[in-house]
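Containing PDB, C-alpha atoms and all ligand atoms: entry_31.pdb.
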MODEL        1
ATOM      1  CA  MET A 205       6.890  17.851 -39.621  1.00  0.00           C
ATOM      2  CA  THR A 206       6.038  19.688 -36.401  1.00  0.00           C
ATOM      3  CA  ASN A 207       8.051  18.644 -33.425  1.00  0.00           C
ATOM      4  CA  MET A 208       5.435  18.633 -30.658  1.00  0.00           C
ATOM      5  CA  ALA A 209       8.040  17.662 -28.117  1.00  0.00           C
ATOM      6  CA  SER A 210       9.985  20.865 -28.450  1.00  0.00           C
ATOM      7  CA  LYS A 211       7.079  23.275 -28.900  1.00  0.00           C
ATOM      8  CA  ALA A 212       6.093  25.618 -26.124  1.00  0.00           C
ATOM      9  CA  THR A 213       2.846  27.460 -25.537  1.00  0.00           C
ATOM     10  CA  SER A 214       2.750  31.218 -25.479  1.00  0.00           C
ATOM     11  CA  ALA A 215       2.806  30.978 -21.670  1.00  0.00           C
ATOM     12  CA  GLY A 216       6.087  29.094 -21.909  1.00  0.00           C
ATOM     13  CA  GLU A 217       4.609  25.755 -20.809  1.00  0.00           C
ATOM     14  CA  PRO A 218       5.926  22.691 -22.617  1.00  0.00           C
ATOM     15  CA  GLN A 219       3.564  20.873 -24.985  1.00  0.00           C
ATOM     16  CA  TYR A 220       2.886  17.209 -24.523  1.00  0.00           C
ATOM     17  CA  PRO A 221       4.158  14.658 -25.265  1.00  0.00           C
ATOM     18  CA  LEU A 222       7.400  15.656 -23.607  1.00  0.00           C
ATOM     19  CA  PRO A 223      10.618  14.216 -24.992  1.00  0.00           C
ATOM     20  CA  PRO A 224      12.131  11.223 -23.172  1.00  0.00           C
ATOM     21  CA  ARG A 225      14.522  12.221 -20.447  1.00  0.00           C
ATOM     22  CA  THR A 226      16.142  10.702 -17.405  1.00  0.00           C
ATOM     23  CA  ILE A 227      15.528  11.742 -13.815  1.00  0.00           C
ATOM     24  CA  ASP A 228      18.496  13.083 -11.935  1.00  0.00           C
ATOM     25  CA  ALA A 229      19.951  10.311  -9.726  1.00  0.00           C
ATOM     26  CA  ARG A 230      19.803  12.532  -6.646  1.00  0.00           C
ATOM     27  CA  PHE A 231      16.010  12.150  -6.594  1.00  0.00           C
ATOM     28  CA  TYR A 232      16.515   8.460  -5.819  1.00  0.00           C
ATOM     29  CA  LEU A 233      19.185   8.979  -3.176  1.00  0.00           C
ATOM     30  CA  ASP A 234      18.138  12.053  -1.202  1.00  0.00           C
ATOM     31  CA  GLU A 235      16.555  11.289   2.187  1.00  0.00           C
ATOM     32  CA  GLU A 236      14.762  14.642   2.312  1.00  0.00           C
ATOM     33  CA  GLN A 237      13.323  14.097  -1.142  1.00  0.00           C
ATOM     34  CA  TYR A 238      12.069  10.697   0.029  1.00  0.00           C
ATOM     35  CA  LYS A 239      10.332  12.266   3.016  1.00  0.00           C
ATOM     36  CA  ARG A 240       8.723  14.918   0.805  1.00  0.00           C
ATOM     37  CA  GLU A 241       7.470  12.274  -1.600  1.00  0.00           C
ATOM     38  CA  MET A 242       6.093  10.237   1.268  1.00  0.00           C
ATOM     39  CA  GLU A 243       4.250  13.210   2.707  1.00  0.00           C
ATOM     40  CA  HIS A 244       2.963  14.844  -0.464  1.00  0.00           C
ATOM     41  CA  VAL A 245       2.545  11.895  -2.839  1.00  0.00           C
ATOM     42  CA  PHE A 246       2.541   8.424  -1.371  1.00  0.00           C
ATOM     43  CA  LEU A 247       0.552   9.046   1.798  1.00  0.00           C
ATOM     44  CA  LYS A 248      -2.078  10.786  -0.330  1.00  0.00           C
ATOM     45  CA  SER A 249      -2.365   8.327  -3.211  1.00  0.00           C
ATOM     46  CA  TRP A 250      -4.249   5.151  -3.986  1.00  0.00           C
ATOM     47  CA  PHE A 251      -2.040   2.068  -4.247  1.00  0.00           C
ATOM     48  CA  PRO A 252      -2.668  -1.282  -5.875  1.00  0.00           C
ATOM     49  CA  ALA A 253      -1.882  -3.330  -2.758  1.00  0.00           C
ATOM     50  CA  CYS A 254      -2.524  -6.851  -4.022  1.00  0.00           C
ATOM     51  CA  SER A 255      -4.449  -8.802  -6.599  1.00  0.00           C
ATOM     52  CA  SER A 256      -8.059  -9.871  -6.040  1.00  0.00           C
ATOM     53  CA  LYS A 257      -6.825 -13.450  -6.505  1.00  0.00           C
ATOM     54  CA  GLU A 258      -4.920 -13.221  -3.239  1.00  0.00           C
ATOM     55  CA  LEU A 259      -8.249 -12.657  -1.490  1.00  0.00           C
ATOM     56  CA  ALA A 260     -10.152 -15.279  -3.451  1.00  0.00           C
ATOM     57  CA  LYS A 261     -12.255 -16.585  -0.546  1.00  0.00           C
ATOM     58  CA  PRO A 262     -14.026 -14.868   2.376  1.00  0.00           C
ATOM     59  CA  ARG A 263     -11.628 -14.619   5.333  1.00  0.00           C
ATOM     60  CA  ASP A 264      -8.515 -14.602   3.161  1.00  0.00           C
ATOM     61  CA  PHE A 265      -6.298 -11.734   4.247  1.00  0.00           C
ATOM     62  CA  VAL A 266      -3.104  -9.999   3.176  1.00  0.00           C
ATOM     63  CA  VAL A 267      -0.700  -8.159   5.474  1.00  0.00           C
ATOM     64  CA  TRP A 268       0.560  -5.169   3.489  1.00  0.00           C
ATOM     65  CA  ASP A 269       3.782  -3.745   4.925  1.00  0.00           C
ATOM     66  CA  ARG A 270       4.499  -0.642   2.886  1.00  0.00           C
ATOM     67  CA  LEU A 271       4.835   3.132   3.341  1.00  0.00           C
ATOM     68  CA  GLN A 272       6.198   2.552   6.854  1.00  0.00           C
ATOM     69  CA  GLN A 273       2.800   1.116   7.792  1.00  0.00           C
ATOM     70  CA  SER A 274       1.344  -2.330   8.303  1.00  0.00           C
ATOM     71  CA  ILE A 275      -2.206  -2.864   7.037  1.00  0.00           C
ATOM     72  CA  VAL A 276      -4.424  -5.947   7.086  1.00  0.00           C
ATOM     73  CA  ILE A 277      -6.651  -6.297   4.008  1.00  0.00           C
ATOM     74  CA  VAL A 278      -9.448  -8.852   4.390  1.00  0.00           C
ATOM     75  CA  ARG A 279     -12.118 -10.407   2.202  1.00  0.00           C
ATOM     76  CA  LEU A 280     -15.204 -10.103   4.415  1.00  0.00           C
ATOM     77  CA  ASP A 281     -17.922 -12.728   4.614  1.00  0.00           C
ATOM     78  CA  ASP A 282     -20.210 -10.727   2.289  1.00  0.00           C
ATOM     79  CA  GLY A 283     -17.460 -10.574  -0.364  1.00  0.00           C
ATOM     80  CA  SER A 284     -16.557  -6.926   0.218  1.00  0.00           C
ATOM     81  CA  ILE A 285     -13.107  -5.715   1.292  1.00  0.00           C
ATOM     82  CA  GLY A 286     -12.088  -4.489   4.734  1.00  0.00           C
ATOM     83  CA  ALA A 287      -8.749  -2.933   5.645  1.00  0.00           C
ATOM     84  CA  TRP A 288      -7.322  -1.681   8.927  1.00  0.00           C
ATOM     85  CA  HIS A 289      -4.076  -0.800  10.619  1.00  0.00           C
ATOM     86  CA  ASN A 290      -2.315  -3.866  11.954  1.00  0.00           C
ATOM     87  CA  VAL A 291      -2.065  -2.517  15.502  1.00  0.00           C
ATOM     88  CA  CYS A 292      -3.563  -3.945  18.678  1.00  0.00           C
ATOM     89  CA  GLN A 293      -5.458  -1.242  20.541  1.00  0.00           C
ATOM     90  CA  HIS A 294      -4.306  -2.509  23.930  1.00  0.00           C
ATOM     91  CA  ARG A 295      -0.622  -1.686  23.838  1.00  0.00           C
ATOM     92  CA  GLY A 296       0.085  -1.170  20.168  1.00  0.00           C
ATOM     93  CA  ALA A 297       1.546  -4.574  19.314  1.00  0.00           C
ATOM     94  CA  ARG A 298       1.601  -5.880  15.762  1.00  0.00           C
ATOM     95  CA  LEU A 299      -1.580  -7.908  15.605  1.00  0.00           C
ATOM     96  CA  VAL A 300      -1.154 -10.150  12.543  1.00  0.00           C
ATOM     97  CA  GLU A 301       2.224 -11.458  11.471  1.00  0.00           C
ATOM     98  CA  LYS A 302       1.689 -12.634   7.885  1.00  0.00           C
ATOM     99  CA  SER A 303      -0.920 -13.168   5.172  1.00  0.00           C
ATOM    100  CA  GLY A 304      -3.213 -16.193   5.282  1.00  0.00           C
ATOM    101  CA  HIS A 305      -6.753 -17.382   5.907  1.00  0.00           C
ATOM    102  CA  CYS A 306      -8.626 -16.494   9.108  1.00  0.00           C
ATOM    103  CA  ARG A 307     -10.643 -19.662   9.614  1.00  0.00           C
ATOM    104  CA  TYR A 308     -12.569 -18.592  12.707  1.00  0.00           C
ATOM    105  CA  GLY A 309     -13.026 -14.947  11.720  1.00  0.00           C
ATOM    106  CA  LYS A 310     -11.059 -13.690  14.743  1.00  0.00           C
ATOM    107  CA  PHE A 311      -7.591 -12.185  14.978  1.00  0.00           C
ATOM    108  CA  LYS A 312      -6.127 -12.683  18.437  1.00  0.00           C
ATOM    109  CA  CYS A 313      -3.284 -10.539  19.686  1.00  0.00           C
ATOM    110  CA  PRO A 314      -0.358 -12.784  20.702  1.00  0.00           C
ATOM    111  CA  TRP A 315       0.417 -10.617  23.748  1.00  0.00           C
ATOM    112  CA  HIS A 316      -2.602 -10.394  26.055  1.00  0.00           C
ATOM    113  CA  GLY A 317      -5.371 -11.982  24.021  1.00  0.00           C
ATOM    114  CA  PHE A 318      -7.453  -9.021  22.790  1.00  0.00           C
ATOM    115  CA  ALA A 319      -9.340 -10.357  19.756  1.00  0.00           C
ATOM    116  CA  TYR A 320     -10.713  -8.552  16.695  1.00  0.00           C
ATOM    117  CA  ASP A 321     -13.232  -9.528  14.038  1.00  0.00           C
ATOM    118  CA  LEU A 322     -12.648  -9.413  10.289  1.00  0.00           C
ATOM    119  CA  GLU A 323     -13.511  -5.702  10.202  1.00  0.00           C
ATOM    120  CA  GLY A 324     -11.013  -4.906  12.946  1.00  0.00           C
ATOM    121  CA  LYS A 325     -13.572  -4.424  15.732  1.00  0.00           C
ATOM    122  CA  CYS A 326     -12.435  -5.540  19.155  1.00  0.00           C
ATOM    123  CA  THR A 327     -14.694  -8.390  20.293  1.00  0.00           C
ATOM    124  CA  THR A 328     -12.804 -10.013  23.169  1.00  0.00           C
ATOM    125  CA  VAL A 329     -11.024  -8.383  26.093  1.00  0.00           C
ATOM    126  CA  PRO A 330      -9.592 -10.730  28.709  1.00  0.00           C
ATOM    127  CA  LEU A 331     -10.202  -9.514  32.294  1.00  0.00           C
ATOM    128  CA  ARG A 332     -12.672  -7.007  30.930  1.00  0.00           C
ATOM    129  CA  GLU A 333     -13.745  -5.954  34.424  1.00  0.00           C
ATOM    130  CA  SER A 334     -10.280  -4.540  35.038  1.00  0.00           C
ATOM    131  CA  PHE A 335     -10.728  -1.966  32.246  1.00  0.00           C
ATOM    132  CA  ASP A 336     -12.774   1.200  32.118  1.00  0.00           C
ATOM    133  CA  GLU A 337     -15.805   0.152  30.075  1.00  0.00           C
ATOM    134  CA  LYS A 338     -16.009   3.601  28.505  1.00  0.00           C
ATOM    135  CA  GLU A 339     -12.585   3.106  26.929  1.00  0.00           C
ATOM    136  CA  LEU A 340     -13.615  -0.227  25.462  1.00  0.00           C
ATOM    137  CA  ALA A 341     -16.787   1.085  23.837  1.00  0.00           C
ATOM    138  CA  GLY A 342     -16.409   0.968  20.052  1.00  0.00           C
ATOM    139  CA  LEU A 343     -12.784  -0.088  20.300  1.00  0.00           C
ATOM    140  CA  ARG A 344     -11.362  -1.073  16.928  1.00  0.00           C
ATOM    141  CA  THR A 345      -8.232  -0.897  14.826  1.00  0.00           C
ATOM    142  CA  PRO A 346      -8.169   2.299  12.752  1.00  0.00           C
ATOM    143  CA  PRO A 347      -9.820   1.564   9.393  1.00  0.00           C
ATOM    144  CA  VAL A 348      -8.100   2.121   6.050  1.00  0.00           C
ATOM    145  CA  ARG A 349      -9.921   2.974   2.823  1.00  0.00           C
ATOM    146  CA  ALA A 350      -9.853   0.085   0.363  1.00  0.00           C
ATOM    147  CA  PHE A 351     -11.501  -0.478  -3.015  1.00  0.00           C
ATOM    148  CA  GLU A 352     -11.538  -3.408  -5.408  1.00  0.00           C
ATOM    149  CA  TRP A 353     -11.253  -2.564  -9.079  1.00  0.00           C
ATOM    150  CA  ASN A 354      -9.887  -4.212 -12.212  1.00  0.00           C
ATOM    151  CA  GLY A 355      -8.607  -7.327 -10.477  1.00  0.00           C
ATOM    152  CA  LEU A 356      -6.711  -5.369  -7.836  1.00  0.00           C
ATOM    153  CA  ILE A 357      -7.287  -4.237  -4.268  1.00  0.00           C
ATOM    154  CA  TRP A 358      -6.405  -0.567  -3.875  1.00  0.00           C
ATOM    155  CA  VAL A 359      -5.753   1.224  -0.591  1.00  0.00           C
ATOM    156  CA  THR A 360      -5.113   4.796   0.452  1.00  0.00           C
ATOM    157  CA  LEU A 361      -3.967   6.084   3.810  1.00  0.00           C
ATOM    158  CA  SER A 362      -5.652   9.458   3.390  1.00  0.00           C
ATOM    159  CA  ASP A 363      -9.279  10.237   4.222  1.00  0.00           C
ATOM    160  CA  ALA A 364      -9.058  13.334   2.041  1.00  0.00           C
ATOM    161  CA  THR A 365      -8.027  11.564  -1.167  1.00  0.00           C
ATOM    162  CA  PRO A 366     -10.898  11.438  -3.697  1.00  0.00           C
ATOM    163  CA  PRO A 367     -12.518   8.087  -4.498  1.00  0.00           C
ATOM    164  CA  LEU A 368     -10.302   5.830  -6.627  1.00  0.00           C
ATOM    165  CA  LYS A 369     -11.891   6.433 -10.021  1.00  0.00           C
ATOM    166  CA  GLU A 370     -11.962  10.180  -9.481  1.00  0.00           C
ATOM    167  CA  PHE A 371      -8.341  10.032  -8.312  1.00  0.00           C
ATOM    168  CA  LEU A 372      -7.267   8.106 -11.428  1.00  0.00           C
ATOM    169  CA  GLY A 373      -9.204  10.460 -13.712  1.00  0.00           C
ATOM    170  CA  VAL A 374      -8.371   9.833 -17.358  1.00  0.00           C
ATOM    171  CA  LEU A 375      -6.167   6.950 -16.287  1.00  0.00           C
ATOM    172  CA  CYS A 376      -9.255   5.127 -15.108  1.00  0.00           C
ATOM    173  CA  LEU A 377      -9.540   3.008 -18.225  1.00  0.00           C
ATOM    174  CA  PRO A 378      -9.749  -0.756 -18.001  1.00  0.00           C
ATOM    175  CA  LEU A 379      -6.149  -1.769 -17.585  1.00  0.00           C
ATOM    176  CA  PRO A 380      -4.790  -4.609 -19.679  1.00  0.00           C
ATOM    177  CA  VAL A 381      -4.951  -7.936 -17.925  1.00  0.00           C
ATOM    178  CA  LEU A 382      -1.840  -8.072 -15.800  1.00  0.00           C
ATOM    179  CA  SER A 383       0.449 -11.067 -16.015  1.00  0.00           C
ATOM    180  CA  GLU A 384       1.310 -13.090 -12.925  1.00  0.00           C
ATOM    181  CA  HIS A 385       4.751 -11.494 -13.061  1.00  0.00           C
ATOM    182  CA  HIS A 386       3.305  -7.971 -12.898  1.00  0.00           C
ATOM    183  CA  LEU A 387       0.977  -8.925 -10.068  1.00  0.00           C
ATOM    184  CA  GLN A 388       3.890 -10.361  -8.138  1.00  0.00           C
ATOM    185  CA  LEU A 389       5.782  -7.104  -8.602  1.00  0.00           C
ATOM    186  CA  LEU A 390       2.806  -5.136  -7.351  1.00  0.00           C
ATOM    187  CA  SER A 391       2.356  -7.258  -4.268  1.00  0.00           C
ATOM    188  CA  ASP A 392       6.042  -7.806  -3.554  1.00  0.00           C
ATOM    189  CA  PRO A 393       7.988  -4.969  -5.128  1.00  0.00           C
ATOM    190  CA  PRO A 394      11.774  -4.812  -4.872  1.00  0.00           C
ATOM    191  CA  ALA A 395      13.105  -2.926  -1.868  1.00  0.00           C
ATOM    192  CA  ASP A 396      15.776  -0.889  -3.551  1.00  0.00           C
ATOM    193  CA  VAL A 397      16.326   1.269  -6.562  1.00  0.00           C
ATOM    194  CA  GLU A 398      18.831  -0.901  -8.378  1.00  0.00           C
ATOM    195  CA  ARG A 399      16.694  -4.028  -8.180  1.00  0.00           C
ATOM    196  CA  MET A 400      13.783  -2.016  -9.541  1.00  0.00           C
ATOM    197  CA  ALA A 401      15.933  -0.764 -12.382  1.00  0.00           C
ATOM    198  CA  ASP A 402      16.956  -4.348 -13.215  1.00  0.00           C
ATOM    199  CA  LEU A 403      13.336  -5.403 -13.413  1.00  0.00           C
ATOM    200  CA  ALA A 404      12.367  -2.343 -15.398  1.00  0.00           C
ATOM    201  CA  ASP A 405      15.105  -3.207 -17.900  1.00  0.00           C
ATOM    202  CA  GLN A 406      13.810  -6.735 -18.209  1.00  0.00           C
ATOM    203  CA  ASP A 407      10.244  -5.928 -19.113  1.00  0.00           C
ATOM    204  CA  ARG A 408       9.742  -2.173 -18.745  1.00  0.00           C
ATOM    205  CA  THR A 409       7.725  -2.676 -15.581  1.00  0.00           C
ATOM    206  CA  VAL A 410       7.808   0.349 -13.296  1.00  0.00           C
ATOM    207  CA  ARG A 411       7.288  -0.019  -9.601  1.00  0.00           C
ATOM    208  CA  LEU A 412       4.181   1.716  -8.254  1.00  0.00           C
ATOM    209  CA  GLY A 413       5.508   2.873  -4.914  1.00  0.00           C
ATOM    210  CA  PRO A 414       8.221   4.794  -3.170  1.00  0.00           C
ATOM    211  CA  CYS A 415      11.818   3.649  -3.317  1.00  0.00           C
ATOM    212  CA  ARG A 416      13.803   3.479  -0.151  1.00  0.00           C
ATOM    213  CA  PRO A 417      16.815   5.795  -0.507  1.00  0.00           C
ATOM    214  CA  ARG A 418      20.043   3.876  -0.830  1.00  0.00           C
ATOM    215  CA  SER A 419      22.009   3.706   2.410  1.00  0.00           C
ATOM    216  CA  ARG A 420      25.715   3.362   3.104  1.00  0.00           C
ATOM    217  CA  ARG A 421      25.023  -0.185   4.258  1.00  0.00           C
ATOM    218  CA  ASP A 422      23.586  -0.963   0.807  1.00  0.00           C
ATOM    219  CA  ASP A 423      26.799   0.339  -0.754  1.00  0.00           C
ATOM    220  CA  ARG A 424      28.959  -1.780   1.571  1.00  0.00           C
ATOM    221  CA  ARG A 425      26.879  -4.863   0.807  1.00  0.00           C
ATOM    222  CA  ARG A 426      27.277  -4.385  -2.929  1.00  0.00           C
ATOM    223  CA  MET A 427      31.036  -3.882  -2.626  1.00  0.00           C
ATOM    224  CA  GLY A 428      31.440  -6.845  -0.298  1.00  0.00           C
TER     225      GLY A 428
HETATM  226  S1  LIG B 501      -0.869  -5.630  23.154  1.00  0.00           S
HETATM  227 FE1  LIG B 501      -2.425  -6.776  22.226  1.00  0.00          FE
HETATM  228  S2  LIG B 501      -3.514  -7.658  23.848  1.00  0.00           S
HETATM  229 FE2  LIG B 501      -2.011  -6.479  24.800  1.00  0.00          FE
ENDMDL
END
Could I get this file's structure written as C-alpha cells?
Amino acid sequence: MTNMASKATSAGEPQYPLPPRTIDARFYLDEEQYKREMEHVFLKSWFPACSSKELAKPRDFVVWDRLQQSIVIVRLDDGSIGAWHNVCQHRGARLVEKSGHCRYGKFKCPWHGFAYDLEGKCTTVPLRESFDEKELAGLRTPPVRAFEWNGLIWVTLSDATPPLKEFLGVLCLPLPVLSEHHLQLLSDPPADVERMADLADQDRTVRLGPCRPRSRRDDRRRMG
C-alpha cells in the first residue's frame, strides 16, 4: 500500500495528508513567536467571537476581550450585528465593562457622560458648547468587521482580510452543530497553554485563538 504520508512530490514538497507530529514546545513559550503570530495571523484572521445565542434579542451585547483588544458586539434593532472598539472617543476610557442587554439603546461612558448608540455613534456630549463642533462631527467608536454565520458571530480586526466565506475557503462547509461545551470554549477560552492542553485531552477540542506565552509568574504559581 502506498504511504501517502511519506511521499514527496518531484519538487520536494510533502504530500498530504501529513503524518501526525507534535509542535516544538518553544512555539508556545517564545514571546517573539507570540508577537509574530499576533501580527501575521491573529490580527488578520476571522474569529468566532461568540455564539448567536448570546445575542438572541436586539440590544443584547457581548464584550469581547481578546487579542489585546476590547470589542463590543451588539445585536442591532434590525437584527443585524454591529461591532466596535470599546473605547470612549473623549479620553479613551473603557466604555462598556461587561456583556449584557442595553435596554435604552445607549452606552454612557462612566467618566464624563459621552453616550453612544448601538452602532457606536456618539449621540450625547455633555457641555457640547465647550468643544470644537468640527471635532464632534461624525464622532464614533472605530467599527470592527463582524459577520454572523453558522450559529456564530465572527469578527476580524483587519480591513484587508477577505470576507469570511472567502477567507475560510474550502473550510466554509456547514460546521457540525456545536455543543454548549464547545460554544463555551469559544466564548471563554482558557488563558494558558496547559489549561488548553487539558481541555484538548478531554474532548479533542482545540482553542481557536492565540495562547499567551507562559510567564515566570505562571511557573511560580504552579509550583506554589
Ligand atoms: S472618557 Fe468617556 S466621557 Fe470622558
* To do: Determine the residue membership of the PyMOL selection byres (((not hetatm)) within 12 of (chain B and resi 501)) for the file above and supply it as JSON, numbers by chain.
  => {"A": [290, 291, 292, 293, 294, 295, 296, 297, 298, 299, 300, 311, 312, 313, 314, 315, 316, 317, 318, 319, 320, 326, 327, 328, 329, 330, 331, 332, 344, 345]}
* Around the point (-16.6, -13.4, -6.8) in the file's coordinates, collect all residues with an atom within 12 Å, using all atoms listed in the file, and return them as number ranges by chain. => A: 256-257, 259-262, 279-285, 352, 355
* Asked: For Glu243 in chain A, which residue among A:Leu343, A:Leu271, A:Ala350, A:Ala287 is the nearest when counting all atoms listed in the file?
  ->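 Of the candidates, the smallest distance to Glu243 in chain A is held by A:Leu271.
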* Asked: Which protein, DNA or RNA residues have an atom at most 10 Å from (5.7, 9.9, 8.5), counting all atoms listed in the file? List them as a ChimeraX atom specification.
  -> /A:239-240,242-243,247,271-273
* To do: Could you tell me how far CA of Asn354 in chain A lies from CA of Cys376 in chain A, in Å and to one decimal?
  =>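 The value is 9.8 Å.
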* Asked: Where does the PyMOL selection byres (((chain A and resi 302) around 12) and not hetatm) land in this file, that is, which residues does it pick, as a PyMOL selection string?
  -> chain A and resi 264-269+274-277+290+298-301+303-306+311
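In terms of minimum interatomic distance to Gly286 in chain A, A:Gly324 ranks closest within A:Pro367, A:Pro221, A:Gly342, A:Gly324, counting only C-alpha atoms.
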* Run the PyMOL selection byres (((chain A and resi 359) around 8) and not hetatm) against the file shown and list the residues it catches, as a ChimeraX atom specification. => /A:250-253,348-351,357-358,360-361
Output C-alpha atoms for every residue in the selection just made, as a CSV table (one decimal), in the frame of the given file.
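Contents of the output file part16.csv:
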chain,number,residue,atom,x,y,z
A,250,TRP,CA,-4.2,5.2,-4.0
A,251,PHE,CA,-2.0,2.1,-4.2
A,252,PRO,CA,-2.7,-1.3,-5.9
A,253,ALA,CA,-1.9,-3.3,-2.8
A,348,VAL,CA,-8.1,2.1,6.0
A,349,ARG,CA,-9.9,3.0,2.8
A,350,ALA,CA,-9.9,0.1,0.4
A,351,PHE,CA,-11.5,-0.5,-3.0
A,357,ILE,CA,-7.3,-4.2,-4.3
A,358,TRP,CA,-6.4,-0.6,-3.9
A,360,THR,CA,-5.1,4.8,0.5
A,361,LEU,CA,-4.0,6.1,3.8
